[in-house]
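Shown next: upload_11.tsv, containing TSV, C-alpha atoms (C1' of nucleotides).
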```tsv
chain	number	residue	atom	x	y	z
A	10	MET	CA	-13.83	-21.98	-12.73
A	11	LYS	CA	-14.44	-24.02	-9.62
A	12	THR	CA	-17.62	-25.88	-8.91
A	13	VAL	CA	-20.03	-24.40	-6.45
A	14	SER	CA	-21.59	-26.33	-3.63
A	15	ALA	CA	-25.22	-25.76	-2.82
A	16	ALA	CA	-24.29	-24.55	0.63
A	17	GLN	CA	-22.35	-21.57	-0.64
A	18	THR	CA	-24.07	-18.23	-0.74
A	19	LEU	CA	-24.19	-16.08	-3.81
A	20	SER	CA	-21.53	-13.71	-2.61
A	21	GLU	CA	-19.09	-16.44	-1.77
A	22	GLN	CA	-19.33	-18.65	-4.77
A	23	ILE	CA	-17.01	-16.89	-7.16
A	24	ARG	CA	-14.02	-15.84	-5.12
A	25	ASP	CA	-11.82	-17.89	-2.85
A	26	GLY	CA	-10.49	-14.97	-0.87
A	27	ASN	CA	-12.31	-12.02	0.58
A	28	LEU	CA	-10.46	-8.80	1.19
A	29	PHE	CA	-13.30	-7.47	3.28
A	30	ALA	CA	-12.79	-10.23	5.83
A	31	GLU	CA	-10.38	-9.10	8.48
A	32	GLN	CA	-8.43	-12.32	8.85
A	33	CYS	CA	-8.32	-13.42	5.24
A	34	PRO	CA	-4.79	-14.17	4.02
A	35	SER	CA	-5.54	-12.19	0.89
A	36	ARG	CA	-4.99	-9.08	2.96
A	37	ASP	CA	-1.35	-10.03	3.39
A	38	VAL	CA	-0.83	-10.65	-0.27
A	39	LEU	CA	-2.47	-7.35	-1.07
A	40	LYS	CA	-0.15	-5.72	1.42
A	41	HIS	CA	2.97	-7.14	-0.22
A	42	VAL	CA	1.82	-6.34	-3.72
A	43	THR	CA	0.66	-2.82	-2.98
A	44	SER	CA	3.49	-1.97	-0.63
A	45	ARG	CA	5.52	1.08	-1.39
A	46	TRP	CA	8.28	-0.86	-3.12
A	47	GLY	CA	6.36	-3.96	-4.12
A	48	VAL	CA	4.51	-2.07	-6.82
A	49	LEU	CA	7.68	-0.67	-8.28
A	50	ILE	CA	9.48	-4.02	-8.23
A	51	LEU	CA	6.62	-5.75	-10.00
A	52	VAL	CA	6.45	-3.07	-12.65
A	53	ALA	CA	10.21	-2.89	-13.09
A	54	LEU	CA	10.57	-6.62	-13.62
A	55	ARG	CA	8.05	-6.48	-16.44
A	56	ASP	CA	10.76	-5.57	-18.86
A	57	GLY	CA	12.99	-8.46	-18.00
A	58	THR	CA	15.35	-9.94	-15.48
A	59	HIS	CA	17.15	-7.53	-13.19
A	60	ARG	CA	20.01	-7.79	-10.77
A	61	PHE	CA	19.72	-6.43	-7.26
A	62	SER	CA	21.70	-3.28	-7.99
A	63	ASP	CA	19.88	-2.70	-11.24
A	64	LEU	CA	16.59	-2.65	-9.41
A	65	ARG	CA	17.96	-0.41	-6.72
A	66	ARG	CA	19.22	2.11	-9.26
A	67	LYS	CA	16.00	2.00	-11.23
A	68	MET	CA	13.71	2.60	-8.27
A	69	GLY	CA	14.42	6.01	-6.84
A	70	GLY	CA	14.94	6.09	-3.09
A	71	VAL	CA	14.80	2.49	-2.00
A	72	SER	CA	17.18	1.28	0.69
A	73	GLU	CA	18.97	-2.05	0.46
A	74	LYS	CA	17.02	-3.33	3.39
A	75	MET	CA	13.60	-2.51	2.04
A	76	LEU	CA	14.44	-3.73	-1.43
A	77	SER	CA	15.64	-7.08	-0.18
A	78	GLN	CA	12.73	-7.38	2.22
A	79	SER	CA	10.16	-6.57	-0.44
A	80	LEU	CA	11.81	-9.01	-2.83
A	81	GLN	CA	11.60	-11.73	-0.21
A	82	TRP	CA	7.92	-11.14	0.38
A	83	LEU	CA	7.17	-11.35	-3.30
A	84	GLU	CA	9.38	-14.39	-3.67
A	85	LEU	CA	7.56	-16.19	-0.86
A	86	ASP	CA	4.22	-15.35	-2.43
A	87	GLY	CA	5.45	-16.99	-5.61
A	88	PHE	CA	5.55	-13.87	-7.77
A	89	ILE	CA	9.29	-13.63	-8.15
A	90	ASN	CA	12.10	-15.96	-9.07
A	91	ARG	CA	15.47	-15.50	-7.40
A	92	VAL	CA	18.48	-17.10	-9.02
A	93	ALA	CA	21.86	-16.78	-7.34
A	94	TYR	CA	24.95	-17.67	-9.31
A	95	PRO	CA	27.74	-19.05	-7.11
A	96	VAL	CA	30.45	-16.72	-8.30
A	97	VAL	CA	32.60	-14.04	-6.78
A	98	PRO	CA	31.51	-11.37	-6.68
A	99	PRO	CA	27.92	-12.58	-6.16
A	100	HIS	CA	25.50	-12.36	-9.03
A	101	VAL	CA	21.77	-12.63	-8.35
A	102	GLU	CA	18.99	-12.31	-10.85
A	103	TYR	CA	15.34	-11.55	-10.19
A	104	SER	CA	12.52	-12.22	-12.59
A	105	LEU	CA	8.77	-12.70	-12.63
A	106	THR	CA	7.20	-16.12	-12.32
A	107	PRO	CA	4.13	-16.89	-14.47
A	108	LEU	CA	1.98	-16.02	-11.47
A	109	GLY	CA	4.01	-12.86	-11.02
A	110	GLU	CA	3.42	-11.88	-14.63
A	111	GLU	CA	-0.28	-11.95	-13.93
A	112	VAL	CA	-0.28	-9.73	-10.87
A	113	SER	CA	2.24	-7.39	-12.35
A	114	GLU	CA	-0.09	-6.91	-15.26
A	115	LYS	CA	-2.82	-5.69	-12.94
A	116	VAL	CA	-0.42	-3.60	-10.92
A	117	ALA	CA	1.10	-2.08	-14.02
A	118	ALA	CA	-2.35	-1.18	-15.31
A	119	LEU	CA	-2.99	0.74	-12.11
A	120	ALA	CA	0.43	2.36	-12.14
A	121	ASN	CA	0.00	3.43	-15.73
A	122	TRP	CA	-3.37	4.92	-15.06
A	123	ILE	CA	-1.96	6.99	-12.25
A	124	GLU	CA	1.00	8.20	-14.25
A	125	LEU	CA	-1.29	9.20	-17.07
A	126	ASN	CA	-3.88	10.92	-14.92
A	127	ILE	CA	-1.67	12.80	-12.51
A	128	PRO	CA	-2.61	16.06	-14.23
A	129	GLN	CA	-6.29	15.51	-13.41
A	130	VAL	CA	-5.52	14.81	-9.78
A	131	LEU	CA	-3.20	17.78	-9.49
A	132	ALA	CA	-5.83	20.00	-11.06
A	133	HIS	CA	-8.28	18.81	-8.45
A	134	HIS	CA	-5.83	19.60	-5.68
A	135	ALA	CA	-5.50	23.11	-7.04
A	136	LYS	CA	-9.23	23.64	-6.88
A	137	GLN	CA	-9.31	22.76	-3.19
A	138	VAL	CA	-7.17	25.76	-2.35
A	139	ALA	CA	-9.37	28.22	-4.20
B	14	MET	CA	-4.12	12.89	-25.48
B	15	LYS	CA	-1.52	15.59	-25.12
B	16	THR	CA	0.69	16.77	-27.92
B	17	VAL	CA	4.28	15.66	-27.91
B	18	SER	CA	7.16	18.07	-28.38
B	19	ALA	CA	10.08	17.03	-30.53
B	20	ALA	CA	12.38	17.24	-27.55
B	21	GLN	CA	10.65	14.48	-25.62
B	22	THR	CA	12.19	11.04	-25.67
B	23	LEU	CA	10.24	7.96	-26.53
B	24	SER	CA	9.90	6.82	-22.95
B	25	GLU	CA	8.69	10.15	-21.71
B	26	GLN	CA	6.17	11.09	-24.32
B	27	ILE	CA	3.25	9.02	-23.17
B	28	ARG	CA	3.13	9.45	-19.43
B	29	ASP	CA	2.94	12.63	-17.41
B	30	GLY	CA	3.99	11.11	-14.11
B	31	ASN	CA	6.81	8.74	-13.33
B	32	LEU	CA	6.54	6.48	-10.32
B	33	PHE	CA	10.22	5.64	-10.52
B	34	ALA	CA	11.11	9.26	-9.83
B	35	GLU	CA	11.46	9.81	-6.13
B	36	GLN	CA	9.78	13.19	-5.90
B	37	CYS	CA	7.00	12.67	-8.41
B	38	PRO	CA	3.57	13.49	-6.97
B	39	SER	CA	2.27	10.27	-8.48
B	40	ARG	CA	3.90	8.46	-5.57
B	41	ASP	CA	1.50	10.17	-3.18
B	42	VAL	CA	-1.52	9.28	-5.23
B	43	LEU	CA	-0.33	5.70	-5.44
B	44	LYS	CA	0.09	5.72	-1.70
B	45	HIS	CA	-3.47	6.87	-1.09
B	46	VAL	CA	-4.97	4.49	-3.59
B	47	THR	CA	-2.99	1.45	-2.51
B	48	SER	CA	-3.17	2.20	1.19
B	49	ARG	CA	-4.57	-0.47	3.43
B	50	TRP	CA	-8.04	1.05	3.54
B	51	GLY	CA	-7.93	3.05	0.33
B	52	VAL	CA	-8.18	-0.10	-1.74
B	53	LEU	CA	-11.16	-1.39	0.20
B	54	ILE	CA	-12.97	1.93	0.07
B	55	LEU	CA	-12.54	2.22	-3.68
B	56	VAL	CA	-13.76	-1.31	-4.23
B	57	ALA	CA	-16.66	-0.98	-1.81
B	58	LEU	CA	-17.96	2.18	-3.43
B	59	ARG	CA	-18.13	0.42	-6.78
B	60	ASP	CA	-21.52	-0.92	-5.92
B	61	GLY	CA	-23.00	2.43	-5.12
B	62	THR	CA	-23.20	5.22	-2.61
B	63	HIS	CA	-22.44	4.38	0.97
B	64	ARG	CA	-22.81	6.13	4.27
B	65	PHE	CA	-19.93	6.36	6.71
B	66	SER	CA	-21.22	3.62	8.97
B	67	ASP	CA	-22.09	1.40	6.05
B	68	LEU	CA	-18.52	1.52	4.85
B	69	ARG	CA	-17.19	0.91	8.33
B	70	ARG	CA	-19.35	-2.15	8.77
B	71	LYS	CA	-18.50	-3.48	5.34
B	72	MET	CA	-14.75	-3.20	5.73
B	73	GLY	CA	-13.63	-5.47	8.51
B	74	GLY	CA	-11.39	-3.86	11.07
B	75	VAL	CA	-11.22	-0.18	10.15
B	76	SER	CA	-11.19	2.37	12.92
B	77	GLU	CA	-13.27	5.51	12.59
B	78	LYS	CA	-10.15	7.54	12.43
B	79	MET	CA	-8.50	5.66	9.60
B	80	LEU	CA	-11.69	5.44	7.62
B	81	SER	CA	-12.31	9.16	7.78
B	82	GLN	CA	-8.68	9.93	7.05
B	83	SER	CA	-8.55	7.61	4.06
B	84	LEU	CA	-11.80	9.06	2.77
B	85	GLN	CA	-10.35	12.54	3.02
B	86	TRP	CA	-7.24	11.60	1.06
B	87	LEU	CA	-9.32	10.10	-1.70
B	88	GLU	CA	-11.67	13.06	-1.68
B	89	LEU	CA	-8.79	15.50	-2.04
B	90	ASP	CA	-7.40	13.49	-4.93
B	91	GLY	CA	-10.75	13.84	-6.63
B	92	PHE	CA	-11.74	10.19	-6.53
B	93	ILE	CA	-14.57	10.48	-4.07
B	94	ASN	CA	-17.60	12.68	-3.63
B	95	ARG	CA	-18.71	13.58	-0.13
B	96	VAL	CA	-22.24	14.88	0.33
B	97	ALA	CA	-23.40	15.91	3.78
B	98	TYR	CA	-27.09	16.44	4.38
B	99	PRO	CA	-27.76	19.09	7.03
B	100	VAL	CA	-30.07	17.02	9.17
B	101	VAL	CA	-30.04	15.64	12.68
B	102	PRO	CA	-28.71	13.10	13.11
B	103	PRO	CA	-26.06	13.76	10.43
B	104	HIS	CA	-26.31	11.94	7.15
B	105	VAL	CA	-23.27	11.77	4.85
B	106	GLU	CA	-22.97	9.93	1.60
B	107	TYR	CA	-19.84	8.87	-0.20
B	108	SER	CA	-19.64	7.95	-3.85
B	109	LEU	CA	-17.13	7.69	-6.66
B	110	THR	CA	-16.45	10.56	-9.02
B	111	PRO	CA	-15.95	9.78	-12.71
B	112	LEU	CA	-12.20	9.87	-12.07
B	113	GLY	CA	-12.72	7.62	-9.08
B	114	GLU	CA	-14.65	5.14	-11.19
B	115	GLU	CA	-11.61	4.81	-13.39
B	116	VAL	CA	-9.06	4.11	-10.65
B	117	SER	CA	-11.41	1.89	-8.79
B	118	GLU	CA	-11.73	-0.18	-11.91
B	119	LYS	CA	-8.00	-0.80	-11.95
B	120	VAL	CA	-7.88	-1.37	-8.22
B	121	ALA	CA	-10.81	-3.76	-8.35
B	122	ALA	CA	-9.14	-5.73	-11.12
B	123	LEU	CA	-6.13	-6.23	-8.90
B	124	ALA	CA	-8.23	-7.02	-5.86
B	125	ASN	CA	-10.23	-9.56	-7.80
B	126	TRP	CA	-7.16	-11.23	-9.14
B	127	ILE	CA	-5.80	-11.63	-5.64
B	128	GLU	CA	-9.03	-13.00	-4.23
B	129	LEU	CA	-9.24	-15.49	-7.05
B	130	ASN	CA	-5.63	-16.59	-6.90
B	131	ILE	CA	-5.14	-16.85	-3.17
B	132	PRO	CA	-5.08	-20.65	-3.46
B	133	GLN	CA	-2.04	-20.51	-5.75
B	134	VAL	CA	-0.20	-18.22	-3.40
B	135	LEU	CA	-1.06	-20.30	-0.38
B	136	ALA	CA	0.08	-23.42	-2.20
B	137	HIS	CA	3.38	-21.72	-2.86
B	138	HIS	CA	3.73	-20.80	0.80
B	139	ALA	CA	3.19	-24.42	1.72
B	140	LYS	CA	6.00	-25.53	-0.56
B	141	GLN	CA	8.47	-23.20	1.19
B	142	VAL	CA	8.10	-25.12	4.40
B	143	ALA	CA	8.85	-28.48	2.84
C	8	DC	C1'	28.06	-7.60	-5.38
C	9	DA	C1'	24.39	-8.83	-2.60
C	10	DG	C1'	23.10	-9.12	1.16
C	11	DC	C1'	22.19	-9.40	6.81
C	12	DA	C1'	22.19	-7.39	11.65
C	13	DT	C1'	21.44	-3.70	14.50
C	14	DC	C1'	19.69	0.49	15.97
C	15	DC	C1'	16.71	4.46	15.42
C	16	DA	C1'	13.18	7.80	13.50
C	17	DA	C1'	8.89	8.72	11.37
C	18	DG	C1'	4.54	7.65	10.11
C	19	DA	C1'	0.58	4.58	10.09
C	20	DA	C1'	-2.76	2.61	12.73
C	21	DG	C1'	-5.55	1.61	16.87
C	22	DA	C1'	-8.26	2.69	21.36
C	23	DT	C1'	-10.79	5.72	23.76
C	24	DA	C1'	-13.33	9.72	24.89
C	25	DC	C1'	-15.82	13.55	23.41
C	26	DT	C1'	-18.85	16.83	20.15
C	27	DG	C1'	-22.20	19.11	16.66
D	8	DC	C1'	-24.66	9.66	12.93
D	9	DA	C1'	-20.41	11.18	11.64
D	10	DG	C1'	-17.00	12.50	12.88
D	11	DT	C1'	-12.62	15.07	15.82
D	12	DA	C1'	-8.96	15.06	19.47
D	13	DT	C1'	-5.66	12.83	21.98
D	14	DC	C1'	-2.68	9.35	23.41
D	15	DT	C1'	-0.32	5.06	22.66
D	16	DT	C1'	1.40	1.24	19.96
D	17	DC	C1'	3.19	-0.96	16.03
D	18	DT	C1'	5.07	-1.10	11.59
D	19	DT	C1'	7.63	0.85	7.90
D	20	DG	C1'	11.52	2.61	6.55
D	21	DG	C1'	16.21	4.50	6.70
D	22	DA	C1'	21.37	4.70	8.23
D	23	DT	C1'	25.31	2.34	9.30
D	24	DG	C1'	28.57	-1.29	9.67
D	25	DC	C1'	29.84	-6.00	8.62
D	26	DT	C1'	30.24	-10.51	5.72
D	27	DG	C1'	30.71	-14.37	2.12
```
Once you've parsed the file, please lay out its structure as structure tokens.
Amino acid sequence: MKTVSAAQTLSEQIRDGNLFAEQCPSRDVLKHVTSRWGVLILVALRDGTHRFSDLRRKMGGVSEKMLSQSLQWLELDGFINRVAYPVVPPHVEYSLTPLGEEVSEKVAALANWIELNIPQVLAHHAKQVA
Amino acid sequence: MKTVSAAQTLSEQIRDGNLFAEQCPSRDVLKHVTSRWGVLILVALRDGTHRFSDLRRKMGGVSEKMLSQSLQWLELDGFINRVAYPVVPPHVEYSLTPLGEEVSEKVAALANWIELNIPQVLAHHAKQVA
DNA sequence: CAGCATCCAAGAAGATACTG
DNA sequence: CAGTATCTTCTTGGATGCTG
């Protein structure tokens, strides 16, 4: 926990970022993490190191471009480790960093909730029609 | 908890949706919930009922259009309650449903983590340059 | 195998004007 | 106040072809 200066207001003292502020960099991180493929990558890497193709096979419907782009975002944010072995053919391994483990935990919790509660949501959709 | 048939495999028995499956409806729900404004709406409504304009003011940078569209998605998914009072000028209140309280909890956990750990991420960005 | 570069389509998002 | 309608812009995402 960081120390709080007297000048800080109550609402600012706890958090360092503020998603409700338009120009806060946290918005970008949120974007990467909650992006269409970012979520899946983070969850997939929870059960261990994966190679590029492994990830691609595992996540239905991702293109090479988007997979590599999403991986780069997450790597730059410090959530993912990329290790390239200098062999032919190329061999690259992706894994979570300690920081990545933390976010992925939160993301996975959300993903799990959704997977478990899809029936409720679908039931609600059905009611709309009636 | 649903009952599990003998035919189900270990990995399938717990969850009803599967985000790794391309055509699973859970992907749509995830999209709504993790959308740029969906996250903010869900988090904002955690501290009580809000009117349309209240939400708009609170969330930096949303357009009327996107706010109303995002609200509609979340309402259709059963996460949000919309109550319109038949008065002039119009008065509409948005709040979380019990189901919405649950997702928003997960979403808020993620949002909080990001706001708190922005410094780490930014520090990592800085290292890339060097 | 693991990608990058390029081009293109679709959808998300924004600005503005208007309505019950 | 709480939207809708419309138009435009930008980003996301996909297809294809090429490379170390």
Pair the Cα atoms of chain A and chain B in order, fit the first onto the second, and let me know the RMSD in Å. 0.3 Å
Distance cut-off 8 Å, counting only C-alpha atoms (C1' of nucleotides) - which residues of chain D neighbour chain B? Return them as a ChimeraX atom specification. /D:8-10
Closest atom pairs, chain C residues within 9 Å of chain B, only C-alpha atoms (C1' of nucleotides), as a Markdown table:
```
| residue | atom | partner | partner_atom | distance |
| --- | --- | --- | --- | --- |
| C:DA20 | C1' | B:Met79 | CA | 7.2 |
| C:DG21 | C1' | B:Ser76 | CA | 6.9 |
| C:DA22 | C1' | B:Ser76 | CA | 8.9 |
```
Which residues of chain A sit at most 8 Å from chain B, using all atoms listed in the file? Give each one's shortest atom pair and distance in Å (one decimal place), in chain and ascending residue order, as CSV.
```
residue,atom,partner,partner_atom,distance
A:Ile23,CA,B:Leu129,CA,7.9
A:Arg24,CA,B:Leu129,CA,5.2
A:Asp25,CA,B:Leu129,CA,5.5
A:Gly26,CA,B:Glu128,CA,4.2
A:Asn27,CA,B:Glu128,CA,5.9
A:Leu28,CA,B:Glu128,CA,7.0
A:Phe29,CA,B:Met72,CA,5.1
A:Ala30,CA,B:Gly73,CA,5.5
A:Glu31,CA,B:Gly73,CA,4.9
A:Pro34,CA,B:Ile131,CA,7.7
A:Ser35,CA,B:Ile131,CA,6.2
A:Val38,CA,B:Ile127,CA,7.4
A:Leu39,CA,B:Ile127,CA,7.1
A:Lys40,CA,B:Arg49,CA,7.2
A:Thr43,CA,B:Thr47,CA,5.6
A:Ser44,CA,B:Thr47,CA,7.6
A:Arg45,CA,B:Lys44,CA,7.1
A:Leu49,CA,B:Phe33,CA,7.2
A:Lys67,CA,B:Phe33,CA,6.9
A:Met68,CA,B:Phe33,CA,5.1
A:Gly69,CA,B:Glu35,CA,4.9
A:Gly70,CA,B:Glu35,CA,5.9
A:Leu85,CA,B:His138,CA,6.2
A:Asp86,CA,B:Val134,CA,5.4
A:Gly87,CA,B:His137,CA,5.8
A:Val112,CA,B:Leu123,CA,7.1
A:Lys115,CA,B:Leu123,CA,5.3
A:Val116,CA,B:Leu123,CA,6.6
A:Ala118,CA,B:Lys119,CA,6.6
A:Leu119,CA,B:Lys119,CA,5.2
A:Ala120,CA,B:Leu43,CA,7.5
A:Asn121,CA,B:Arg28,CA,7.7
A:Trp122,CA,B:Val116,CA,7.2
A:Ile123,CA,B:Ser39,CA,6.5
A:Glu124,CA,B:Gly30,CA,4.2
A:Leu125,CA,B:Arg28,CA,5.0
A:Asn126,CA,B:Asp29,CA,7.5
A:Ile127,CA,B:Gly30,CA,6.1
A:Pro128,CA,B:Asp29,CA,7.3
A:Val130,CA,B:Asp90,CA,5.4
A:Leu131,CA,B:Asp90,CA,7.5
A:His133,CA,B:Gly91,CA,5.8
A:His134,CA,B:Leu89,CA,6.2
A:Gln137,CA,B:Leu89,CA,7.4
```
Please compute the CA of Arg59 in chain B-CA of Ser108 in chain B distance, one decimal, in Å. 8.2 Å
Return the padded bounding box of range 100-112 of chain B as lines of an AutoDock Vina configuration file: axis-aligned, built from all atoms listed in the file, 3 Å added on each side, with centre and edge lengths in Å to one decimal.
```
center_x = -21.1
center_y = 12.4
center_z = 0.2
size_x = 23.9
size_y = 15.3
size_z = 31.8
```
Expressed in Å, the length from CA of Trp82 in chain A to CA of Asp37 in chain A is 9.8 Å
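Proximity of A:Leu105, A:Ile89, A:Leu76, A:Val138 to Asp56 in chain A, computed with all atoms listed in the file, is greatest for A:Leu105.
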Dump as number ranges by chain all residues having an atom at most 12 Å from (25.4, 3.6, 11.6), computed in the file's coordinates with all atoms listed in the file. C: 12-15; D: 21-25
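Reported to one decimal place, the separation of C1' of DG27 in chain D from CA of Asn90 in chain A is 21.8 Å.
Once Gly51 in chain B and its same-chain neighbours fewer than 6 positions away are set aside, His45, Ser83, Leu84 and Leu87 of chain B remain within 8 Å of it when counting all atoms listed in the file.
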Just want the 12 Å neighbourhood of DA12 in chain D, counted on all atoms listed in the file, with same-chain residues fewer than 5 positions away dropped. Output as a ChimeraX atom specification. /B:78 /C:23-26
Output of the above residues as a short mmCIF file (atom, residue, chain, number, x, y, z; two decimals), keeping the file's coordinate frame, restricted to C-alpha atoms (C1' of nucleotides):
```cif
data_model
loop_
_atom_site.label_atom_id
_atom_site.label_comp_id
_atom_site.auth_asym_id
_atom_site.auth_seq_id
_atom_site.Cartn_x
_atom_site.Cartn_y
_atom_site.Cartn_z
CA LYS B 78 -10.15 7.54 12.43
"C1'" DT C 23 -10.79 5.72 23.76
"C1'" DA C 24 -13.33 9.72 24.89
"C1'" DC C 25 -15.82 13.55 23.41
"C1'" DT C 26 -18.85 16.83 20.15
#
```
